[in-house]
Amino acid sequence: MTQLAAGHVINAIPDDASLRATVRTLSESTTAQLERDLPELASAVARAHGATADTTFTRLYPVTVNDPERTRRAYDVLSRVLPDDSVALLDDPVMGSEDFSFVLEQVPGTFVFMGAGPADAATAEAAPTNHSPRAVFDDSMLDREAAVLAVLATDALQQARSAETSIG
């Protein structure tokens with residue numbers, strides 16, 4: 001849940017309330033199923049409590065789907081230029097809500113996480129997430145992040161040139 005609002009005074013039960021949330025899935029088919037089923041589920045829960053529910057399901061972002069070949073390539077390239085302990089493939093998908101997903105719908109690619117949390121965090125997992133009000137970013141990481149993007153872009157250009165050369 002990301003937002004719940006009801007009433008305007010503290011000493012009265014409000015006539016209505018609104019609940020807003022994001023729904024994140026790992027596939028388009030699951031998103032479609034939720035879009036189809038959530039309105040009826042909300043209505044059934046409301047009816048069970050003597051209320052009604054009006055629902056709106058708005059798709060904001062498509063599912064972020066990485067291309068396996070591009071993911072492996074990015075991992076290999078970054079493993080050659082960064083310290084061993086700073087490059088990893090995630091074991092499980094992350095259900096982010098990311099506008100880069102629009103790019104991945106058009107062009108094969110991969111979403112890369114680059115840490116920029118405070119140096120005093122015990123682990124990356126212990127640091128507050130990017131959308132936390134407690135997030136703190138270490139600006140000294142900007143040069144490293146720019147270098148990572150430059151290395152990945154250079155590799156992609158070299159691959160494109162190689163493909164053109166082998167074709168023509």
# chains A, B, ... in the order shown; residues from 1 in each chain; ligands from 1
$ closest_atom_pairs --of "range 77-143 of chain A" --to "range 57-67 of chain A" --cutoff "7 Å" --atoms "only C-alpha atoms" --output "JSON lines"
{"residue": "A:Ser97", "atom": "CA", "partner": "A:Tyr61", "partner_atom": "CA", "distance": 6.6}
{"residue": "A:Glu98", "atom": "CA", "partner": "A:Tyr61", "partner_atom": "CA", "distance": 6.7}
{"residue": "A:Asp99", "atom": "CA", "partner": "A:Tyr61", "partner_atom": "CA", "distance": 6.3}
{"residue": "A:Ser101", "atom": "CA", "partner": "A:Thr64", "partner_atom": "CA", "distance": 4.5}
{"residue": "A:Phe102", "atom": "CA", "partner": "A:Pro62", "partner_atom": "CA", "distance": 6.6}
{"residue": "A:Leu104", "atom": "CA", "partner": "A:Val65", "partner_atom": "CA", "distance": 6.7}
{"residue": "A:Pro108", "atom": "CA", "partner": "A:Asp67", "partner_atom": "CA", "distance": 5.6}
{"residue": "A:Gly109", "atom": "CA", "partner": "A:Asp67", "partner_atom": "CA", "distance": 5.4}
{"residue": "A:Thr110", "atom": "CA", "partner": "A:Asn66", "partner_atom": "CA", "distance": 4.5}
{"residue": "A:Phe111", "atom": "CA", "partner": "A:Asn66", "partner_atom": "CA", "distance": 6.4}
$ residues_around --residues "range 37-43 of chain A" --least-positions-apart "3" --cutoff "6 Å" --atoms "only C-alpha atoms" --output "number ranges by chain"
A: 33-34, 46, 53, 55
$ closest_residue --among "A:Asp15, A:Asp143, A:Asp92, A:Asp76" --to "Met114 in chain A" --atoms "only C-alpha atoms"
A:Asp143
$ select_by_dssp --residues "range 75-144 of chain A" --states "alpha helix (DSSP H)" --output "compact mmCIF listing (two decimals) with C-alpha atoms, in the first residue's frame"
# COMPACT_ATOMS: atom_id res chain seq x y z
CA TYR A 75 28.17 -8.94 -16.61
CA ASP A 76 31.21 -10.14 -18.59
CA VAL A 77 32.28 -6.61 -19.56
CA LEU A 78 31.86 -5.18 -16.06
CA SER A 79 33.61 -8.17 -14.47
CA ARG A 80 36.71 -7.31 -16.51
CA VAL A 81 36.86 -3.66 -15.41
CA PHE A 100 13.55 2.00 -18.54
CA SER A 101 11.06 -0.80 -19.21
CA PHE A 102 9.71 1.31 -22.10
CA VAL A 103 13.18 1.21 -23.68
CA LEU A 104 13.45 -2.56 -23.14
CA GLU A 105 10.15 -3.05 -24.97
CA GLN A 106 11.76 -1.54 -28.08
CA LEU A 142 29.38 9.39 -9.70
CA ASP A 143 32.71 9.06 -11.51
CA ARG A 144 32.61 5.27 -11.17
$ atom_distance --atom1 "CA of Ala153 in chain A" --atom2 "CA of Thr71 in chain A"
13.6 Å
$ closest_residue --among "A:Phe113, A:Leu82, A:Ser29, A:Gln159" --to "Ala147 in chain A" --atoms "only C-alpha atoms"
A:Leu82
$ atom_distance --atom1 "CA of Glu69 in chain A" --atom2 "CA of Ala156 in chain A"
12.3 Å
$ residues_around --residues "Ser18 in chain A" --least-positions-apart "6" --cutoff "12 Å" --atoms "only C-alpha atoms" --output "PDB file with C-alpha atoms, in the first residue's frame"
ATOM      1  CA  MET A   1       0.000   0.000   0.000  1.00  0.00           C
ATOM      2  CA  THR A   2       1.328   3.428  -0.812  1.00  0.00           C
ATOM      3  CA  GLN A   3      -1.556   5.744   0.087  1.00  0.00           C
ATOM      4  CA  LEU A   4      -4.627   5.546   2.299  1.00  0.00           C
ATOM      5  CA  ALA A   5      -6.867   8.561   2.865  1.00  0.00           C
ATOM      6  CA  ALA A   6     -10.143   8.843   4.756  1.00  0.00           C
ATOM      7  CA  GLY A   7     -11.991  11.795   6.213  1.00  0.00           C
ATOM      8  CA  ALA A  42     -11.927  -5.371  -4.143  1.00  0.00           C
ATOM      9  CA  THR A  52     -18.889  -0.811  -2.056  1.00  0.00           C
ATOM     10  CA  ALA A  53     -15.693  -0.366  -4.025  1.00  0.00           C
ATOM     11  CA  ASP A  54     -15.038   1.591  -7.180  1.00  0.00           C
ATOM     12  CA  THR A  55     -11.754   0.520  -8.734  1.00  0.00           C
ATOM     13  CA  THR A  56      -9.492   1.818 -11.441  1.00  0.00           C
TER      14      THR A  56
END
